[in-house]
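This report concerns only the one structure given below.
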2 protein chains.
Amino acid sequence: MEEKNTPWSKKENIDKKESDNVIFIGEKPLVNYIRGVMTQFNRHGAEEVIIKSRGKFISKAVDVAEVSKRSLEKQGIIIKNITTSSESFEVQGKQTNISSMHIVLGR
Amino acid sequence: MEEKNTPWSKKENIDKKESDNVIFIGEKPLVNYIRGVMTQFNRHGAEEVIIKSRGKFISKAVDVAEVSKRSLEKQGIIIKNITTSSESFEVQGKQTNISSMHIVLGR
């Protein structure tokens with residue numbers, strides 16, 4: 001079974017490639033994330049871009065998706081899917097939930 | 001064609017009934033909106049509840065939807081659909097867009 005294992009360096013490359021079309025929304029200005037989406041579609045020829053966000057950044061993620069959609073609609077890019085989920089974790093012995101959202105943009 | 005017009009009082013009732021299962025997210029505490037969703041399903045027998053939000057309240061709307069879904073999952077309530085859009089308006093002569101989101105909960 002040894003030969004089936006992916007060498008670490010190769011695995012790393014795959015991970016990087018797969019996560020390239022994922023934009024995580026955080027503290028940076030809105031325009032940075034919009035530029036990230038545009039670059040994925042226009043320069044890297046991505047078929048899909050996934051905008052991921054959590055908690056208070058969810059509102060910002062919707063702004064990024066809406067602005068990107070307007071800028072890319074002539075290229076046939078639409079919001080294909082929106083899903084939400086909850087992530088559970090422990091803070092000072094107390095169970096806490098945080099909402100998260102994935103927005104998929106594509107043709 | 002006169003007889004086809006809905007009398008105003010009747011129309012008002014229809015409007016009220018139709019909007020009963022819509023929860024608008026705003027400044028109130030999270031629990032108020034969650035209670036609103038629960039009441040629609042459990043007391044008023046709603047088939048669907050639509051959670052509407054705009055701008056910074058979008059994050060809160062996702063929290064309301066996620067908590068409600070967890071509380072109602074034994075009754076078969078799921079998040080059926082999520083859509084986003086942009087509303088355009090003028091502030092001091094400048095065109096501004098605000099993102100909005102509709103989350104549909106139902107069976």
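To be explicit about the labels: the chains of the structure tokens are called A, B, and onward in the order shown, and within each one the residues are counted from 1, while ligands get numbers from 1 in the order they are shown.
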
May I have the residues within 12 Å of Asn81 in chain B as a PyMOL selection string, using only C-alpha atoms and disregarding those fewer than 6 positions away in the same chain? (chain A and resi 80-84) or (chain B and resi 48-51+65+101-107)

With N, CA and C atoms retained, export the selected residues as a PDB file, in the first residue's frame.
ATOM      1  N   LYS A  80     -24.246  30.545  -7.870  1.00  0.00           N
ATOM      2  CA  LYS A  80     -24.799  29.218  -8.146  1.00  0.00           C
ATOM      3  C   LYS A  80     -25.417  28.572  -6.918  1.00  0.00           C
ATOM      4  N   ASN A  81     -24.843  28.843  -5.772  1.00  0.00           N
ATOM      5  CA  ASN A  81     -25.325  28.165  -4.569  1.00  0.00           C
ATOM      6  C   ASN A  81     -24.887  28.914  -3.314  1.00  0.00           C
ATOM      7  N   ILE A  82     -25.749  28.934  -2.329  1.00  0.00           N
ATOM      8  CA  ILE A  82     -25.407  29.507  -1.022  1.00  0.00           C
ATOM      9  C   ILE A  82     -25.807  28.496   0.041  1.00  0.00           C
ATOM     10  N   THR A  83     -24.861  28.123   0.893  1.00  0.00           N
ATOM     11  CA  THR A  83     -25.186  27.215   1.992  1.00  0.00           C
ATOM     12  C   THR A  83     -24.687  27.809   3.305  1.00  0.00           C
ATOM     13  N   THR A  84     -25.395  27.493   4.375  1.00  0.00           N
ATOM     14  CA  THR A  84     -24.957  27.930   5.700  1.00  0.00           C
ATOM     15  C   THR A  84     -24.780  26.697   6.577  1.00  0.00           C
TER      16      THR A  84
ATOM     17  N   GLU B  48     -43.919  27.788   5.543  1.00  0.00           N
ATOM     18  CA  GLU B  48     -42.620  28.404   5.256  1.00  0.00           C
ATOM     19  C   GLU B  48     -42.471  29.680   6.054  1.00  0.00           C
ATOM     20  N   VAL B  49     -41.258  29.988   6.456  1.00  0.00           N
ATOM     21  CA  VAL B  49     -40.970  31.290   7.059  1.00  0.00           C
ATOM     22  C   VAL B  49     -39.799  31.902   6.281  1.00  0.00           C
ATOM     23  N   ILE B  50     -39.961  33.172   5.915  1.00  0.00           N
ATOM     24  CA  ILE B  50     -38.909  33.850   5.151  1.00  0.00           C
ATOM     25  C   ILE B  50     -38.217  34.869   6.051  1.00  0.00           C
ATOM     26  N   ILE B  51     -36.923  34.694   6.217  1.00  0.00           N
ATOM     27  CA  ILE B  51     -36.124  35.611   7.034  1.00  0.00           C
ATOM     28  C   ILE B  51     -35.462  36.609   6.088  1.00  0.00           C
ATOM     29  N   ALA B  65     -31.448  31.821  11.364  1.00  0.00           N
ATOM     30  CA  ALA B  65     -31.809  30.653  10.547  1.00  0.00           C
ATOM     31  C   ALA B  65     -31.167  29.378  11.096  1.00  0.00           C
ATOM     32  N   MET B 101     -30.695  39.748   1.696  1.00  0.00           N
ATOM     33  CA  MET B 101     -30.754  38.288   1.663  1.00  0.00           C
ATOM     34  C   MET B 101     -32.104  37.781   2.153  1.00  0.00           C
ATOM     35  N   HIS B 102     -32.611  36.742   1.471  1.00  0.00           N
ATOM     36  CA  HIS B 102     -33.828  36.049   1.897  1.00  0.00           C
ATOM     37  C   HIS B 102     -33.467  34.597   2.194  1.00  0.00           C
ATOM     38  N   ILE B 103     -33.805  34.153   3.396  1.00  0.00           N
ATOM     39  CA  ILE B 103     -33.598  32.748   3.756  1.00  0.00           C
ATOM     40  C   ILE B 103     -34.976  32.121   3.953  1.00  0.00           C
ATOM     41  N   VAL B 104     -35.260  31.058   3.222  1.00  0.00           N
ATOM     42  CA  VAL B 104     -36.553  30.377   3.337  1.00  0.00           C
ATOM     43  C   VAL B 104     -36.384  29.106   4.153  1.00  0.00           C
ATOM     44  N   LEU B 105     -37.094  29.056   5.277  1.00  0.00           N
ATOM     45  CA  LEU B 105     -37.137  27.844   6.112  1.00  0.00           C
ATOM     46  C   LEU B 105     -38.463  27.136   5.848  1.00  0.00           C
ATOM     47  N   GLY B 106     -38.430  25.811   5.786  1.00  0.00           N
ATOM     48  CA  GLY B 106     -39.677  25.068   5.574  1.00  0.00           C
ATOM     49  C   GLY B 106     -39.426  23.583   5.544  1.00  0.00           C
ATOM     50  N   ARG B 107     -40.480  22.825   5.208  1.00  0.00           N
ATOM     51  CA  ARG B 107     -40.356  21.356   5.164  1.00  0.00           C
ATOM     52  C   ARG B 107     -39.853  20.895   3.814  1.00  0.00           C
TER      53      ARG B 107
END

Would you mind listing what lies within 12 Å of Asn32 in chain A as a PyMOL selection string, with only C-alpha atoms counted and same-chain residues fewer than 4 positions away left out? chain A and resi 23-28+36-39+60-61+64+68

I want to know what sits within 10 Å of range 88-97 of chain A, based on only C-alpha atoms, with residues of the same chain fewer than 5 positions away left out; could you give that as a PyMOL selection string? (chain A and resi 55) or (chain B and resi 63+66-67)

Keeping only C-alpha atoms, write those residues as a PDB file, in the first residue's frame.
ATOM      1  CA  GLY A  55     -19.825  35.144  12.016  1.00  0.00           C
TER       2      GLY A  55
ATOM      3  CA  ASP B  63     -27.622  33.055  13.071  1.00  0.00           C
ATOM      4  CA  GLU B  66     -29.175  28.280  11.950  1.00  0.00           C
ATOM      5  CA  VAL B  67     -30.501  28.323  15.521  1.00  0.00           C
TER       6      VAL B  67
END

Near chain B, meaning an atom within 6 Å, which residues of chain A appear when counting only C-alpha atoms? Write them as a PyMOL selection string. chain A and resi 56+58-59+63+99

Export of prior selection with N, CA and C atoms as a PDB file, in the first residue's frame:
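Dumped to again39.pdb:
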ATOM      1  N   LYS A  56     -19.489  37.536  11.934  1.00  0.00           N
ATOM      2  CA  LYS A  56     -19.778  38.900  11.488  1.00  0.00           C
ATOM      3  C   LYS A  56     -19.313  39.179  10.055  1.00  0.00           C
ATOM      4  N   ILE A  58     -20.004  37.417   7.494  1.00  0.00           N
ATOM      5  CA  ILE A  58     -20.986  36.895   6.536  1.00  0.00           C
ATOM      6  C   ILE A  58     -21.609  38.032   5.715  1.00  0.00           C
ATOM      7  N   SER A  59     -21.940  39.155   6.366  1.00  0.00           N
ATOM      8  CA  SER A  59     -22.514  40.310   5.646  1.00  0.00           C
ATOM      9  C   SER A  59     -21.551  40.800   4.559  1.00  0.00           C
ATOM     10  N   ASP A  63     -21.705  41.077   0.300  1.00  0.00           N
ATOM     11  CA  ASP A  63     -21.296  42.253  -0.484  1.00  0.00           C
ATOM     12  C   ASP A  63     -20.282  41.868  -1.565  1.00  0.00           C
ATOM     13  N   SER A  99     -21.992  30.695  13.099  1.00  0.00           N
ATOM     14  CA  SER A  99     -22.560  30.409  11.781  1.00  0.00           C
ATOM     15  C   SER A  99     -21.490  30.589  10.717  1.00  0.00           C
TER      16      SER A  99
END

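When CA of Ile78 in chain A is paired with CA of Lys52 in chain B, their separation reads 20.8 Å.
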
Using DSSP on the backbone, list every residue of range 16-97 of chain A that comes out as strand (DSSP E or B), and give them as a ChimeraX atom specification. /A:22-24,48-54,78-91,94-97
